[in-house]
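Student: Okay, so here is coords17.cif, and as you'll see once you scroll down, it has mmCIF, C-alpha atoms.
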```cif
data_my_file
loop_
_atom_site.label_atom_id
_atom_site.label_comp_id
_atom_site.auth_asym_id
_atom_site.auth_seq_id
_atom_site.Cartn_x
_atom_site.Cartn_y
_atom_site.Cartn_z
CA ASN A 1 11.96 -18.95 12.52
CA PHE A 2 11.21 -15.40 13.70
CA TYR A 3 9.04 -16.46 16.62
CA ASN A 4 10.44 -19.68 18.10
CA THR A 5 13.09 -17.96 20.22
CA GLU A 6 12.84 -16.08 23.46
CA HIS A 7 15.57 -13.61 22.50
CA SER A 8 13.51 -11.35 20.21
CA PHE A 9 10.51 -11.05 22.54
CA ALA A 10 12.57 -10.68 25.72
CA TYR A 11 14.75 -8.05 24.07
CA PHE A 12 11.72 -6.08 22.83
CA LEU A 13 9.99 -6.04 26.21
CA ARG A 14 13.16 -5.09 28.07
CA LYS A 15 14.26 -2.41 25.59
CA ASN A 16 10.81 -0.89 25.33
CA PHE A 17 10.36 -0.71 29.10
CA TYR A 18 13.85 0.64 29.83
CA GLU A 19 13.74 3.31 27.13
CA GLY A 20 10.17 4.22 27.97
CA TRP A 21 11.16 4.70 31.60
CA ASP A 22 14.23 6.76 30.69
CA ASN A 23 12.26 9.04 28.36
CA VAL A 24 8.91 9.18 30.15
CA VAL A 25 9.33 12.92 30.74
CA TYR A 26 9.27 13.42 26.95
CA PHE A 27 5.94 11.54 26.81
CA LEU A 28 4.13 14.01 29.05
CA VAL A 29 3.64 17.06 26.78
CA PRO A 30 2.53 15.12 23.66
CA ASN A 31 0.24 12.97 25.82
CA LEU A 32 -1.24 16.09 27.42
CA LEU A 33 -1.91 17.60 23.98
CA MET A 34 -3.60 14.40 22.81
CA ASP A 35 -5.64 14.20 26.02
CA LEU A 36 -6.67 17.84 25.47
CA VAL A 37 -7.86 17.03 21.94
CA VAL A 38 -9.94 14.13 23.27
CA LEU A 39 -11.32 16.30 26.10
CA LEU A 40 -12.35 19.14 23.75
CA ALA A 41 -13.98 16.70 21.35
CA SER A 42 -15.86 15.09 24.26
CA VAL A 43 -17.09 18.49 25.49
CA ALA A 44 -18.28 19.41 22.00
CA MET A 45 -20.11 16.09 21.71
CA TRP A 46 -21.70 16.59 25.13
CA PHE A 47 -23.08 20.03 24.33
CA GLY A 48 -24.14 18.89 20.87
CA LYS A 49 -25.41 15.49 21.96
CA GLU A 50 -28.73 16.01 20.16
CA TYR A 51 -27.04 16.62 16.81
CA LEU A 52 -25.37 13.79 14.93
CA LEU A 53 -23.55 16.31 12.72
CA VAL A 54 -21.81 17.82 15.76
CA TRP A 55 -20.66 14.37 16.83
CA GLY A 56 -19.37 13.62 13.35
CA ILE A 57 -17.43 16.89 13.07
CA ALA A 58 -15.99 16.59 16.59
CA ILE A 59 -14.82 13.03 16.02
CA PHE A 60 -13.45 13.84 12.56
CA VAL A 61 -11.44 16.86 13.73
CA ALA A 62 -10.17 14.98 16.80
CA ILE A 63 -8.96 12.03 14.72
CA ILE A 64 -7.19 14.36 12.27
CA LEU A 65 -5.41 16.25 15.07
CA LEU A 66 -4.51 13.03 16.90
CA SER A 67 -3.09 11.56 13.69
CA ILE A 68 -0.88 14.60 13.10
CA LEU A 69 0.38 14.63 16.70
CA SER A 70 0.91 10.86 16.59
CA LEU A 71 3.04 11.10 13.46
CA ALA A 72 5.11 13.88 15.03
CA TRP A 73 5.67 11.75 18.11
CA GLY A 74 6.42 8.79 15.83
CA GLU A 75 9.38 10.75 14.47
CA ILE A 76 10.66 11.30 18.01
CA SER A 77 10.10 7.63 18.88
CA ASN A 78 12.08 6.59 15.83
CA SER A 79 15.00 8.70 17.06
CA ILE A 80 14.84 7.31 20.60
CA VAL A 81 14.72 3.64 19.58
CA ASN A 82 17.74 4.22 17.34
CA TYR A 83 19.71 5.67 20.26
CA GLU A 84 19.65 9.25 18.95
CA SER A 85 19.50 12.24 21.28
CA ILE A 86 16.34 14.36 21.37
CA GLU A 87 15.13 17.65 22.87
CA PHE A 88 11.69 18.81 24.00
CA VAL A 89 11.29 21.18 21.05
CA ASP A 90 11.91 18.40 18.51
CA PHE A 91 8.31 17.20 18.83
CA PHE A 92 6.92 20.59 17.85
CA LYS A 93 9.44 20.95 15.03
CA LYS A 94 8.19 17.70 13.50
CA ILE A 95 4.51 18.70 13.45
CA PRO A 96 4.55 20.78 10.19
CA SER A 97 6.08 17.92 8.18
CA CYS A 98 3.40 15.55 9.48
CA ILE A 99 0.30 17.59 8.59
CA ILE A 100 -0.39 16.20 5.11
CA ASP A 101 0.11 12.52 5.97
CA GLY A 102 -1.66 13.13 9.27
CA ILE A 103 -4.74 14.39 7.44
CA PHE A 104 -4.74 11.39 5.11
CA LEU A 105 -4.24 9.00 8.01
CA GLY A 106 -6.99 10.70 9.99
CA ILE A 107 -9.42 10.49 7.08
CA THR A 108 -8.56 6.80 6.67
CA TYR A 109 -9.24 6.09 10.33
CA PHE A 110 -12.44 8.13 10.32
CA VAL A 111 -13.82 6.30 7.28
CA LEU A 112 -12.89 2.95 8.81
CA PHE A 113 -14.54 3.83 12.13
CA VAL A 114 -17.74 4.99 10.40
CA LEU A 115 -17.90 1.94 8.12
CA THR A 116 -17.21 -0.39 11.05
CA PHE A 117 -19.79 1.27 13.29
CA PHE A 118 -22.60 1.20 10.77
CA GLY A 119 -21.48 -2.12 9.26
CA VAL A 120 -21.70 -3.92 12.60
CA GLN A 121 -25.13 -2.40 13.25
CA TYR A 122 -26.33 -3.45 9.81
CA TYR A 123 -25.10 -7.03 9.85
CA PHE A 124 -25.89 -7.81 13.49
CA GLN A 125 -29.26 -6.09 13.74
CA LYS A 126 -32.10 -7.90 15.47
CA GLY A 127 -33.60 -10.50 13.20
CA ALA A 128 -30.54 -10.87 11.01
CA THR A 129 -30.39 -14.07 8.96
CA PHE A 130 -27.69 -16.71 9.27
CA VAL A 131 -26.18 -15.52 5.99
CA GLY A 132 -26.21 -11.97 7.30
CA LEU A 133 -24.45 -13.01 10.51
CA MET A 134 -21.81 -14.87 8.50
CA ALA A 135 -21.29 -11.80 6.33
CA GLY A 136 -21.06 -9.71 9.48
CA CYS A 137 -18.36 -11.96 10.91
CA MET A 138 -16.42 -11.68 7.65
CA PHE A 139 -16.86 -7.90 7.74
CA CYS A 140 -15.49 -7.75 11.30
CA TRP A 141 -12.45 -9.85 10.38
CA ILE A 142 -11.70 -7.58 7.42
CA ALA A 143 -12.04 -4.47 9.58
CA LEU A 144 -9.84 -6.00 12.28
CA THR A 145 -7.19 -6.88 9.70
CA ILE A 146 -7.11 -3.33 8.35
CA PHE A 147 -6.85 -1.82 11.83
CA MET A 148 -4.10 -4.29 12.74
CA ALA A 149 -2.18 -3.41 9.57
CA LEU A 150 -2.51 0.31 10.28
CA GLN A 151 -0.69 -0.10 13.60
CA TRP A 152 2.47 -0.25 11.47
CA PHE A 153 1.72 2.93 9.51
CA ILE A 154 3.43 5.41 11.85
CA PRO A 155 6.68 3.44 12.38
CA ILE A 156 6.94 2.66 8.65
CA ARG A 157 6.29 6.26 7.63
CA CYS A 158 8.74 7.62 10.20
CA ALA A 159 11.43 5.14 9.15
CA PHE A 160 11.19 5.60 5.36
CA HIS A 161 9.11 8.77 4.75
CA ASN A 162 7.43 7.29 1.68
CA LYS A 163 4.27 8.73 0.18
CA PHE A 164 1.03 7.86 1.93
CA GLY A 165 -0.10 5.23 -0.58
CA LYS A 166 3.21 3.37 -0.53
CA THR A 167 3.34 3.43 3.27
CA PHE A 168 -0.26 2.17 3.44
CA LYS A 169 0.64 -0.74 1.14
CA LYS A 170 3.71 -1.61 3.22
CA CYS A 171 1.50 -1.88 6.32
CA PHE A 172 -0.19 -4.97 4.88
CA ILE A 173 3.09 -6.47 3.69
CA VAL A 174 4.52 -6.15 7.20
CA LEU A 175 1.33 -7.56 8.71
CA ILE A 176 1.25 -10.60 6.43
CA ASN A 177 4.96 -11.35 6.83
CA ASN A 178 4.88 -10.87 10.61
CA LEU A 179 1.36 -11.90 11.60
CA PRO A 180 2.13 -13.58 14.96
CA PHE A 181 4.30 -10.65 16.03
CA SER A 182 1.64 -8.18 14.86
CA ILE A 183 -0.95 -9.97 17.00
CA PHE A 184 1.46 -9.88 19.95
CA ILE A 185 1.99 -6.12 19.53
CA SER A 186 -1.78 -5.56 19.30
CA ILE A 187 -2.30 -7.42 22.58
CA TYR A 188 0.63 -5.56 24.14
CA ASN A 189 -0.95 -2.25 23.07
CA LEU A 190 -4.21 -3.28 24.74
CA PHE A 191 -2.21 -3.87 27.92
CA LEU A 192 -0.68 -0.39 27.59
CA CYS A 193 -4.16 1.06 27.01
CA ALA A 194 -5.34 -0.46 30.30
CA ILE A 195 -2.42 1.13 32.15
CA SER A 196 -3.04 4.44 30.35
CA ILE A 197 -6.64 4.54 31.58
CA ILE A 198 -5.41 4.16 35.16
CA MET A 199 -2.80 6.90 34.56
CA ILE A 200 -5.39 9.23 32.95
CA GLY A 201 -3.60 9.03 29.62
CA LEU A 202 -0.37 10.62 30.89
CA ALA A 203 1.72 7.45 30.77
CA PRO A 204 2.22 5.46 28.74
CA GLY A 205 -0.72 7.00 26.82
CA MET A 206 -0.80 7.34 23.05
CA CYS A 207 2.92 8.10 23.08
CA GLY A 208 3.62 4.79 24.80
CA LEU A 209 1.64 2.86 22.19
CA ILE A 210 3.43 4.58 19.31
CA PHE A 211 6.80 4.14 21.02
CA ALA A 212 6.20 0.41 21.45
CA ARG A 213 5.38 0.06 17.76
CA ALA A 214 8.56 1.92 16.83
CA ASN A 215 10.62 -0.50 18.92
CA ALA A 216 8.76 -3.46 17.44
CA PHE A 217 9.28 -2.26 13.88
CA ARG A 218 12.99 -1.77 14.52
CA LEU A 219 13.11 -5.46 15.44
CA ILE A 220 11.34 -6.36 12.20
CA LEU A 221 13.83 -4.28 10.21
CA LYS A 222 16.68 -6.22 11.79
CA LYS A 223 15.05 -9.40 10.59
CA TYR A 224 14.73 -8.03 7.05
CA ASP A 225 18.33 -6.77 7.06
CA TYR A 226 19.57 -10.22 7.99
CA ILE A 227 17.47 -11.86 5.27
CA ASP A 228 18.80 -9.36 2.71
CA GLU A 229 22.35 -10.33 3.63
CA ILE A 230 21.51 -14.01 3.26
CA GLN A 231 19.95 -13.40 -0.16
CA LYS A 232 23.00 -11.46 -1.31
CA GLU A 233 25.14 -14.51 -0.53
CA ASP A 234 22.67 -16.99 -2.05
CA SER A 235 19.75 -15.67 -4.12
CA SER A 236 18.13 -19.13 -4.30
CA VAL A 237 17.62 -19.41 -0.53
CA ASP A 238 14.02 -19.84 0.69
CA VAL A 239 13.54 -16.96 3.13
CA ARG A 240 10.62 -18.77 4.75
CA LYS A 241 13.00 -21.42 6.04
CA VAL A 242 15.69 -19.02 7.25
CA LYS A 243 16.26 -19.26 10.99
CA ILE A 244 16.98 -15.84 12.43
CA PRO A 245 19.92 -15.94 14.88
CA TRP A 246 18.46 -13.35 17.23
CA LYS A 247 21.07 -13.84 19.93
CA GLN A 248 23.79 -12.97 17.44
CA ILE A 249 21.88 -10.13 15.74
CA LEU A 250 20.94 -8.47 19.01
CA GLU A 251 24.30 -8.93 20.73
CA GLU A 252 25.34 -5.28 20.35
CA ASP A 253 21.87 -3.97 21.20
CA ASN A 254 21.71 -6.13 24.31
CA GLU A 255 24.97 -4.63 25.48
CA ILE A 256 23.60 -1.10 24.93
CA VAL A 257 20.26 -1.81 26.62
CA GLY A 258 21.82 -3.87 29.40
CA LYS A 259 19.97 -5.18 32.43
CA ARG A 260 18.89 -3.30 35.54
CA THR A 261 17.91 -3.97 39.09
CA PHE A 262 14.91 -2.39 40.79
CA LYS A 263 17.23 0.10 42.49
CA ASN A 264 18.71 1.17 39.15
CA PHE A 265 15.33 2.51 37.99
CA PHE A 266 15.09 4.99 40.85
CA MET A 267 18.78 5.52 41.54
CA PRO A 268 20.53 5.03 38.18
CA TRP A 269 23.66 6.79 39.44
CA LYS A 270 24.29 3.80 41.76
CA GLU A 271 25.67 0.58 40.30
#
```
Translate this file's structure into structure tokens.
Tutor:
Amino acid sequence: NFYNTEHSFAYFLRKNFYEGWDNVVYFLVPNLLMDLVVLLASVAMWFGKEYLLVWGIAIFVAIILLSILSLAWGEISNSIVNYESIEFVDFFKKIPSCIIDGIFLGITYFVLFVLTFFGVQYYFQKGATFVGLMAGCMFCWIALTIFMALQWFIPIRCAFHNKFGKTFKKCFIVLINNLPFSIFISIYNLFLCAISIIMIGLAPGMCGLIFARANAFRLILKKYDYIDEIQKEDSSVDVRKVKIPWKQILEEDNEIVGKRTFKNFFMPWKE
């Protein structure tokens, strides 16, 4: 079973924290750019607070830009979690190749946000009937499921570089096959969001959320790779009953990640 062992979760939390700490300087510029986008959109909405159209345009443009920047950072995150070396300029080099999918992803998020906003208002308006409230609850669960599936879009796209539609479809496959882990990552991202608010979005910020998903998806890929090997040996095996030997699978990674003391974080040159 993917979830009944402490090895996978402990490894993810340790690896994500260690690598995030080691590469936090690379988080700063992308986070600053994303914070700037949010700030400019907020200023535009403030000065145009009497016009719904201004709000709509500001939010739409901000989501598009954030999606493009997020995909570019997703490419960098994918390199870091796979132990590849990176440079500061790599983030900017990745932006052009992320524009098209970033626009599609931004439009998807914008439509979902609009539908969710007005849908909740419609179903839970004052005086709504019991049937309406039930439909509203169903609507919220559907919206939540879509948003939870989309958390896998960036790591999937940056790992395989499929077309938008195929990547979008894979998001739901990953969600369904890894529902408990997806819920865990969603909660973990909420925790990172709380820290980001305290740190004014500089760390971990949007980059930290995307980086965590990249690390989480790498763990999922290890699970799938192991299952593929099992199926090659015996095609009749029921993958739902396969117990993943995480300690064995993550042996090499655990050696690379290692363990640190508090002193190691601030003085890594000392053993």
Student: Around (8.3, 5.8, 16.6) in the file's own coordinates, what residues are found within 10 Å if you use all atoms listed in the file, given back as a PyMOL selection string?
Tutor: chain A and resi 70-82+152+154-159+207-218
Student: Which value, in Å to one decimal, gives the distance between atom CA of Val237 of chain A and atom CA of Lys223 of chain A?
Tutor: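 Spanning atom CA of Val237 of chain A to atom CA of Lys223 of chain A is a straight-line distance of 15.2 Å.
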Student: The PyMOL selection byres ((chain A and resi 49-63) around 9) - which residues does that actually catch in the file I just gave you? List them as a list in words.
Tutor: Met34, Val37, Val38, Leu40, Ala41, Ser42, Ala44, Met45, Trp46, Phe47, Gly48, Ile64, Leu65, Leu66, Ser67, Ile68, Ile103, Leu105, Gly106, Ile107, Tyr109 and Phe110 of chain A
Student: Distance atom CA of Tyr26 of chain A-atom CA of Phe147 of chain A, one decimal place?
Tutor: 26.8 Å
Student: Between atom CA of Thr116 of chain A and atom CA of Gln151 of chain A, what is the distance in Å, rounded to a tenth?
Tutor: 16.7 Å
Student: Give me, as an NGL selection string, all polymer residues having an atom no more than 10 Å from segment 136-138 of chain A, counting all atoms listed in the file and skipping those fewer than 6 positions away in the same chain.
Tutor: :A and (119-125 or 128 or 130 or 144)
Student: Evaluate the PyMOL selection byres ((chain A and resi 12) around 12) on the structure here and hand back the selected residues as a short mmCIF file (atom, residue, chain, number, x, y, z; two decimals) with C-alpha atoms, in the coordinates of the input.
Tutor:
```cif
data_model
loop_
_atom_site.label_atom_id
_atom_site.label_comp_id
_atom_site.auth_asym_id
_atom_site.auth_seq_id
_atom_site.Cartn_x
_atom_site.Cartn_y
_atom_site.Cartn_z
CA GLU A 6 12.84 -16.08 23.46
CA HIS A 7 15.57 -13.61 22.50
CA SER A 8 13.51 -11.35 20.21
CA PHE A 9 10.51 -11.05 22.54
CA ALA A 10 12.57 -10.68 25.72
CA TYR A 11 14.75 -8.05 24.07
CA LEU A 13 9.99 -6.04 26.21
CA ARG A 14 13.16 -5.09 28.07
CA LYS A 15 14.26 -2.41 25.59
CA ASN A 16 10.81 -0.89 25.33
CA PHE A 17 10.36 -0.71 29.10
CA TYR A 18 13.85 0.64 29.83
CA GLU A 19 13.74 3.31 27.13
CA GLY A 20 10.17 4.22 27.97
CA VAL A 81 14.72 3.64 19.58
CA PHE A 181 4.30 -10.65 16.03
CA PHE A 184 1.46 -9.88 19.95
CA ILE A 185 1.99 -6.12 19.53
CA TYR A 188 0.63 -5.56 24.14
CA PHE A 211 6.80 4.14 21.02
CA ALA A 212 6.20 0.41 21.45
CA ARG A 213 5.38 0.06 17.76
CA ALA A 214 8.56 1.92 16.83
CA ASN A 215 10.62 -0.50 18.92
CA ALA A 216 8.76 -3.46 17.44
CA PHE A 217 9.28 -2.26 13.88
CA ARG A 218 12.99 -1.77 14.52
CA LEU A 219 13.11 -5.46 15.44
CA ILE A 220 11.34 -6.36 12.20
CA TRP A 246 18.46 -13.35 17.23
CA LEU A 250 20.94 -8.47 19.01
CA ASP A 253 21.87 -3.97 21.20
CA ASN A 254 21.71 -6.13 24.31
CA VAL A 257 20.26 -1.81 26.62
#
```
